[in-house]
There are 2 protein chains.
Amino acid sequence: MRISLVQYAPKLNDPQANIDATSALIQSNNSDLYVLPELSNSGYNFNGFEEAYRASEELDNSNFIKALLALAKAKNTLIVSGFCERENRRLYNSSVLLGPNGIIGLYRKLHLFLNEKDIFTPGNKELPVFDTPWGKIGMLVCFDWMFPEAWRKLALQGAQLIAHPSNLVLPYCQSVVPSYALVNRCFIATANRIGTEDQLTFTGQSILANPNGEVLLRADTDKSQVLSTEIDLHLAKDKFITQKNDAFKDRRTDVYGNLDPK
Amino acid sequence: MRISLVQYAPKLNDPQANIDATSALIQSNNSDLYVLPELSNSGYNFNGFEEAYRASEELDNSNFIKALLALAKAKNTLIVSGFCERENRRLYNSSVLLGPNGIIGLYRKLHLFLNEKDIFTPGNKELPVFDTPWGKIGMLVCFDWMFPEAWRKLALQGAQLIAHPSNLVLPYCQSVVPSYALVNRCFIATANRIGTEDQLTFTGQSILANPNGEVLLRADTDKSQVLSTEIDLHLAKDKFITQKNDAFKDRRTDVYGNLDPK
């Protein structure tokens, strides 16, 4: 399959600008899966809950999602995007997986960063993995990266690719992604944003790593870019390290369990 | 505290040579903790169980351990070393933590690599963490590195430093160690061996990383070396990432548990 990392700068509180920008970037090439940054419909650095609330949208009543669904249908492609989601009076820092036939999956960020804790409700959709024609896809959002359990649990549930919409302000995650890909033997696609909002500067360097921990794509720190390459998600089904070692079956669940909920 | 990574080439089936070599390297400088490679008493690439059995020693009746204990006492220091351990007819790929007053701790490798499965019994001592005057120390051995649960569980149990005697033949681990140190906010000291045994060439590049994922020490690929630096294990007690984020307390144990045994 052909995968694209879409790196750009969503505009805070300007939903139409973000629809236009993401549409243009997706239409600029042909891929089977596009991964967009976190909060691509809304921007990131809200001045409190009420501003975020006004920028949020309901999943089934969102102009942003409708535009992406139309693109997914027109281009017969999958799209993963971060999404400022409203459900009743609650906001979630979510990621959606969209396909030609509609919404395939929803994930809500489990681990909230800094002031996000004052705005969003922590995710309540666990760590779901979704079937697609190319293979199983899981999602994480930005700061989730600090928690090795999240990557591991998605991989143990069969995720061959973990799509990771991000608004990273620190440069550490991009150096850790190849390690997570290697030890979990899966693909990881981190689509980070660029640009500045108030005091926050986002670090770009969107990255795609394969199950050998090799970096297949890496974007610049500050350029709007669509980077693409061919990958084979079947490679992530092979958990063998040597003929006598399986990265998953060799786990000592008798000592550290199987990441089952407490 | 001052820590030293001791990188050298243990000799297969020549215990006295290994006692002499490790003693000389430890005596070459003054540190509070020395970390030696995996199977430092015996070498690695045994031609089957019987050869390994002859090279193995009982913990309480080992000339190698006695020599290291004498050094630990004489230099008032801690020593971590890989150790080919015999208990009845079973062999373990173990690591010991020694101090001026005797044996402090024993760990037995949980995850055996390739032909080790034909020789050693998988570890049955769980993932213990030991108190020392400098802080809490846990141990892993070589291929254990592929399993993020092992690092995480040691850190969750309070390990401020994870000492990691190794005989690595692939170069991946050294690139992953800084990531594990970063996400677990602890120090990691990987002491790898050098040299060649039959077809196996060991990759050196012993590495020390701090809780920020920074590499403090990195050895060459093929030189016998003792690399040393000052570290403060108290830094590993600080799990704060931001004023609102704690790397451990933010974990969503309701989703992925707490690494309790299955």
# chains A, B, ... in the order shown; residues from 1 in each chain; ligands from 1
call {"tool": "select_by_dssp", "arguments": {"residues": "segment 44-168 of chain A", "states": "strand (DSSP E or B)", "output": "JSON, numbers by chain"}}
result
{"A": [57, 78, 79, 80, 81, 82, 83, 84, 85, 86, 87, 90, 91, 92, 93, 94, 95, 96, 97, 98, 99, 102, 103, 104, 105, 106, 107, 108, 129, 130, 131, 132, 135, 136, 137, 138, 139, 161, 162, 163, 164, 165, 166]}
call {"tool": "write_last_selection", "arguments": {"atoms": "C-alpha atoms", "output": "mmCIF file, in the first residue's frame"}}
result
data_model
loop_
_atom_site.group_PDB
_atom_site.id
_atom_site.type_symbol
_atom_site.label_atom_id
_atom_site.label_comp_id
_atom_site.auth_asym_id
_atom_site.auth_seq_id
_atom_site.Cartn_x
_atom_site.Cartn_y
_atom_site.Cartn_z
ATOM 1 C CA GLU A 57 -17.622 19.186 16.378
ATOM 2 C CA LEU A 78 -8.232 5.671 3.981
ATOM 3 C CA ILE A 79 -7.655 8.790 6.085
ATOM 4 C CA VAL A 80 -6.597 9.036 9.729
ATOM 5 C CA SER A 81 -6.982 12.459 11.320
ATOM 6 C CA GLY A 82 -6.865 14.062 14.713
ATOM 7 C CA PHE A 83 -10.196 15.672 15.528
ATOM 8 C CA CYS A 84 -11.498 17.997 18.262
ATOM 9 C CA GLU A 85 -14.603 16.015 19.190
ATOM 10 C CA ARG A 86 -17.649 17.125 21.143
ATOM 11 C CA GLU A 87 -20.075 14.676 22.718
ATOM 12 C CA ARG A 90 -17.604 16.755 26.859
ATOM 13 C CA LEU A 91 -14.651 17.259 24.576
ATOM 14 C CA TYR A 92 -12.273 14.531 23.439
ATOM 15 C CA ASN A 93 -8.915 14.789 21.721
ATOM 16 C CA SER A 94 -9.811 12.109 19.195
ATOM 17 C CA SER A 95 -8.523 10.386 16.113
ATOM 18 C CA VAL A 96 -10.778 9.001 13.393
ATOM 19 C CA LEU A 97 -10.151 6.368 10.749
ATOM 20 C CA LEU A 98 -12.200 7.077 7.645
ATOM 21 C CA GLY A 99 -12.718 5.047 4.482
ATOM 22 C CA GLY A 102 -17.726 5.929 5.985
ATOM 23 C CA ILE A 103 -16.282 6.113 9.481
ATOM 24 C CA ILE A 104 -14.301 2.968 10.317
ATOM 25 C CA GLY A 105 -13.010 3.797 13.768
ATOM 26 C CA LEU A 106 -12.726 6.292 16.595
ATOM 27 C CA TYR A 107 -10.050 6.584 19.263
ATOM 28 C CA ARG A 108 -10.011 9.113 22.100
ATOM 29 C CA VAL A 129 -7.788 -1.936 16.483
ATOM 30 C CA PHE A 130 -9.682 -1.740 13.202
ATOM 31 C CA ASP A 131 -9.764 -4.050 10.197
ATOM 32 C CA THR A 132 -9.070 -2.492 6.823
ATOM 33 C CA GLY A 135 -4.459 -4.843 7.487
ATOM 34 C CA LYS A 136 -5.221 -3.937 11.082
ATOM 35 C CA ILE A 137 -4.760 -0.313 12.125
ATOM 36 C CA GLY A 138 -4.625 1.186 15.609
ATOM 37 C CA MET A 139 -4.359 4.826 16.609
ATOM 38 C CA LEU A 161 0.228 -0.085 11.635
ATOM 39 C CA ILE A 162 -0.187 2.443 14.421
ATOM 40 C CA ALA A 163 -1.219 5.836 13.060
ATOM 41 C CA HIS A 164 -0.187 8.630 15.402
ATOM 42 C CA PRO A 165 -1.603 12.116 14.745
ATOM 43 C CA SER A 166 0.493 14.556 16.780
#
call {"tool": "select_by_dssp", "arguments": {"residues": "segment 1-235 of chain B", "states": "alpha helix (DSSP H)", "output": "ChimeraX atom specification"}}
result
/B:15-27,49-55,63-75,148-156,172-184
call {"tool": "interface_residues", "arguments": {"of": "chain B", "to": "chain A", "cutoff": "7 Å", "atoms": "only C-alpha atoms", "output": "compact mmCIF listing (two decimals) with N, CA, C and O atoms, in the first residue's frame"}}
result
# COMPACT_ATOMS: atom_id res chain seq x y z
N HIS B 111 14.26 -14.02 29.32
CA HIS B 111 14.01 -14.25 27.89
C HIS B 111 15.30 -14.76 27.25
O HIS B 111 16.26 -14.01 27.08
N PHE B 113 17.78 -16.28 24.34
CA PHE B 113 17.99 -16.00 22.93
C PHE B 113 18.48 -17.26 22.21
O PHE B 113 19.42 -17.92 22.66
N LEU B 114 17.83 -17.61 21.14
CA LEU B 114 18.28 -18.62 20.19
C LEU B 114 18.76 -19.89 20.91
O LEU B 114 18.01 -20.50 21.65
N GLU B 126 11.66 -13.79 38.89
CA GLU B 126 10.87 -12.59 38.56
C GLU B 126 11.80 -11.43 38.16
O GLU B 126 12.83 -11.67 37.55
N MET B 146 14.46 -6.77 24.36
CA MET B 146 13.39 -6.72 23.35
C MET B 146 12.00 -6.60 23.98
O MET B 146 11.02 -6.40 23.26
N PHE B 147 11.90 -6.72 25.28
CA PHE B 147 10.59 -6.82 25.93
C PHE B 147 10.36 -5.59 26.80
O PHE B 147 10.84 -5.51 27.94
N PRO B 148 9.59 -4.62 26.28
CA PRO B 148 9.42 -3.36 27.01
C PRO B 148 8.80 -3.54 28.38
O PRO B 148 9.02 -2.74 29.29
N GLU B 149 8.05 -4.64 28.54
CA GLU B 149 7.43 -4.90 29.85
C GLU B 149 8.48 -5.08 30.94
O GLU B 149 8.25 -4.70 32.11
N VAL B 176 18.04 1.45 21.16
CA VAL B 176 16.75 1.45 21.87
C VAL B 176 16.92 1.87 23.34
O VAL B 176 16.01 2.45 23.95
N SER B 179 15.73 5.26 24.50
CA SER B 179 14.26 5.37 24.51
C SER B 179 13.67 4.77 25.78
O SER B 179 12.79 5.37 26.41
N VAL B 183 11.42 6.94 28.52
CA VAL B 183 10.01 6.73 28.87
C VAL B 183 9.84 6.17 30.28
O VAL B 183 8.80 6.35 30.90
N THR B 242 5.77 17.33 32.98
CA THR B 242 5.36 18.73 33.10
C THR B 242 4.78 18.87 34.51
O THR B 242 4.64 17.88 35.22
N LYS B 244 1.89 19.14 35.22
CA LYS B 244 0.62 18.41 35.27
C LYS B 244 0.72 16.97 34.79
O LYS B 244 -0.30 16.29 34.64
N ASN B 245 1.94 16.53 34.47
CA ASN B 245 2.10 15.17 33.94
C ASN B 245 3.16 14.39 34.71
O ASN B 245 4.31 14.83 34.81
N ASP B 250 0.17 9.04 35.37
CA ASP B 250 -0.72 9.27 34.23
C ASP B 250 -1.06 7.98 33.49
O ASP B 250 -1.89 7.99 32.56
N THR B 253 -4.04 2.53 33.87
CA THR B 253 -4.06 1.11 34.27
C THR B 253 -5.45 0.51 34.09
O THR B 253 -5.58 -0.71 33.99
N ASP B 254 -6.48 1.38 34.01
CA ASP B 254 -7.83 0.85 33.75
C ASP B 254 -7.92 0.26 32.35
O ASP B 254 -8.80 -0.55 32.07
N VAL B 255 -6.99 0.65 31.47
CA VAL B 255 -7.02 0.17 30.08
C VAL B 255 -6.01 -0.96 29.86
O VAL B 255 -6.29 -1.93 29.17
N TYR B 256 -4.80 -0.81 30.46
CA TYR B 256 -3.76 -1.81 30.15
C TYR B 256 -3.12 -2.41 31.40
O TYR B 256 -2.07 -3.06 31.29
N GLY B 257 -3.75 -2.23 32.55
CA GLY B 257 -3.27 -2.91 33.74
C GLY B 257 -1.98 -2.35 34.30
O GLY B 257 -1.55 -1.26 33.91
N ASN B 258 -1.37 -3.12 35.18
CA ASN B 258 -0.23 -2.63 35.95
C ASN B 258 0.93 -3.62 35.91
O ASN B 258 1.72 -3.69 36.83
N LEU B 259 0.99 -4.41 34.83
CA LEU B 259 2.05 -5.41 34.65
C LEU B 259 2.09 -6.42 35.80
O LEU B 259 3.16 -6.89 36.20
N ASP B 260 0.92 -6.72 36.33
CA ASP B 260 0.84 -7.79 37.32
C ASP B 260 0.89 -9.14 36.61
O ASP B 260 0.38 -9.28 35.49
N PRO B 261 1.49 -10.15 37.25
CA PRO B 261 1.59 -11.46 36.60
C PRO B 261 0.22 -11.99 36.20
O PRO B 261 -0.77 -11.71 36.86
N LYS B 262 0.23 -12.75 35.13
CA LYS B 262 -1.03 -13.30 34.65
C LYS B 262 -1.51 -14.41 35.58
O LYS B 262 -0.73 -15.22 36.02
call {"tool": "residues_around", "arguments": {"residues": "Gln160 of chain A", "least_positions_apart": "4", "cutoff": "6 Å", "atoms": "only C-alpha atoms", "output": "mmCIF file with N, CA, C and O atoms, in the first residue's frame"}}
result
data_model
loop_
_atom_site.group_PDB
_atom_site.id
_atom_site.type_symbol
_atom_site.label_atom_id
_atom_site.label_comp_id
_atom_site.auth_asym_id
_atom_site.auth_seq_id
_atom_site.Cartn_x
_atom_site.Cartn_y
_atom_site.Cartn_z
ATOM 1 N N LYS A 136 -4.647 -4.507 9.857
ATOM 2 C CA LYS A 136 -5.221 -3.937 11.082
ATOM 3 C C LYS A 136 -4.506 -2.645 11.459
ATOM 4 O O LYS A 136 -3.265 -2.583 11.468
ATOM 5 N N CYS A 186 6.014 -3.588 14.294
ATOM 6 C CA CYS A 186 4.899 -3.029 13.522
ATOM 7 C C CYS A 186 5.337 -1.722 12.860
ATOM 8 O O CYS A 186 6.416 -1.202 13.147
ATOM 9 N N LEU A 233 2.039 -4.078 4.880
ATOM 10 C CA LEU A 233 1.655 -4.310 6.281
ATOM 11 C C LEU A 233 1.780 -5.768 6.694
ATOM 12 O O LEU A 233 1.826 -6.070 7.887
ATOM 13 N N ALA A 236 4.374 -6.856 9.254
ATOM 14 C CA ALA A 236 4.136 -6.698 10.697
ATOM 15 C C ALA A 236 3.474 -7.917 11.307
ATOM 16 O O ALA A 236 3.304 -7.992 12.528
#
call {"tool": "atom_distance", "arguments": {"atom1": "atom CA of Gln27 of chain A", "atom2": "atom CA of Val226 of chain A"}}
result
10.3 Å
call {"tool": "closest_residue", "arguments": {"among": "B:Lys75, B:Arg2, B:Arg89, B:Lys11", "to": "Leu39 of chain B", "atoms": "only C-alpha atoms"}}
result
B:Lys11
call {"tool": "residues_around", "arguments": {"residues": "Leu168 of chain B", "least_positions_apart": "3", "cutoff": "9 Å", "atoms": "only C-alpha atoms", "output": "PDB file with N, CA and C atoms, in the first residue's frame"}}
result
ATOM      1  N   CYS B 142      20.971  -8.942  28.488  1.00  0.00           N
ATOM      2  CA  CYS B 142      21.027  -8.988  27.027  1.00  0.00           C
ATOM      3  C   CYS B 142      19.648  -8.995  26.358  1.00  0.00           C
ATOM      4  N   PHE B 143      19.214 -10.134  25.798  1.00  0.00           N
ATOM      5  CA  PHE B 143      18.009 -10.197  24.960  1.00  0.00           C
ATOM      6  C   PHE B 143      16.733  -9.776  25.681  1.00  0.00           C
ATOM      7  N   PRO B 171      23.114  -4.852  16.496  1.00  0.00           N
ATOM      8  CA  PRO B 171      23.367  -3.482  16.967  1.00  0.00           C
ATOM      9  C   PRO B 171      22.111  -2.731  17.406  1.00  0.00           C
ATOM     10  N   TYR B 172      20.945  -3.394  17.407  1.00  0.00           N
ATOM     11  CA  TYR B 172      19.706  -2.650  17.629  1.00  0.00           C
ATOM     12  C   TYR B 172      19.544  -2.163  19.062  1.00  0.00           C
ATOM     13  N   CYS B 173      19.918  -3.011  20.014  1.00  0.00           N
ATOM     14  CA  CYS B 173      19.647  -2.702  21.417  1.00  0.00           C
ATOM     15  C   CYS B 173      20.222  -1.352  21.811  1.00  0.00           C
ATOM     16  N   ASN B 192      28.271  -4.262  27.338  1.00  0.00           N
ATOM     17  CA  ASN B 192      28.314  -5.304  26.309  1.00  0.00           C
ATOM     18  C   ASN B 192      29.739  -5.829  26.167  1.00  0.00           C
ATOM     19  N   ARG B 193      29.858  -7.040  25.635  1.00  0.00           N
ATOM     20  CA  ARG B 193      31.182  -7.576  25.412  1.00  0.00           C
ATOM     21  C   ARG B 193      31.654  -7.283  23.993  1.00  0.00           C
ATOM     22  N   ILE B 194      32.902  -7.545  23.748  1.00  0.00           N
ATOM     23  CA  ILE B 194      33.485  -7.444  22.411  1.00  0.00           C
ATOM     24  C   ILE B 194      34.064  -8.803  22.049  1.00  0.00           C
ATOM     25  N   THR B 201      30.154 -12.475  16.365  1.00  0.00           N
ATOM     26  CA  THR B 201      30.934 -11.288  16.688  1.00  0.00           C
ATOM     27  C   THR B 201      30.070 -10.380  17.553  1.00  0.00           C
ATOM     28  N   PHE B 202      30.572 -10.015  18.704  1.00  0.00           N
ATOM     29  CA  PHE B 202      29.814  -9.177  19.647  1.00  0.00           C
ATOM     30  C   PHE B 202      30.073  -7.706  19.323  1.00  0.00           C
ATOM     31  N   THR B 203      29.061  -6.876  19.614  1.00  0.00           N
ATOM     32  CA  THR B 203      29.035  -5.542  19.005  1.00  0.00           C
ATOM     33  C   THR B 203      29.494  -4.400  19.917  1.00  0.00           C
ATOM     34  N   GLY B 204      29.960  -4.679  21.099  1.00  0.00           N
ATOM     35  CA  GLY B 204      30.478  -3.609  21.955  1.00  0.00           C
ATOM     36  C   GLY B 204      29.499  -2.457  22.105  1.00  0.00           C
TER      37      GLY B 204
END
call {"tool": "residues_around", "arguments": {"residues": "Leu216 of chain B", "least_positions_apart": "2", "cutoff": "12 Å", "atoms": "only C-alpha atoms", "output": "list in words"}}
result
Ile3, Ser4, Leu5, Val177, Pro178, Ala181, Phe187, Ile188, Ala189, Thr190, Ser206, Ile207, Leu208, Ala209, Asn210, Pro211, Asn212, Gly213, Glu214, Arg218, Ala219, Leu227, Ser228, Thr229, Glu230 and Ile231 of chain B
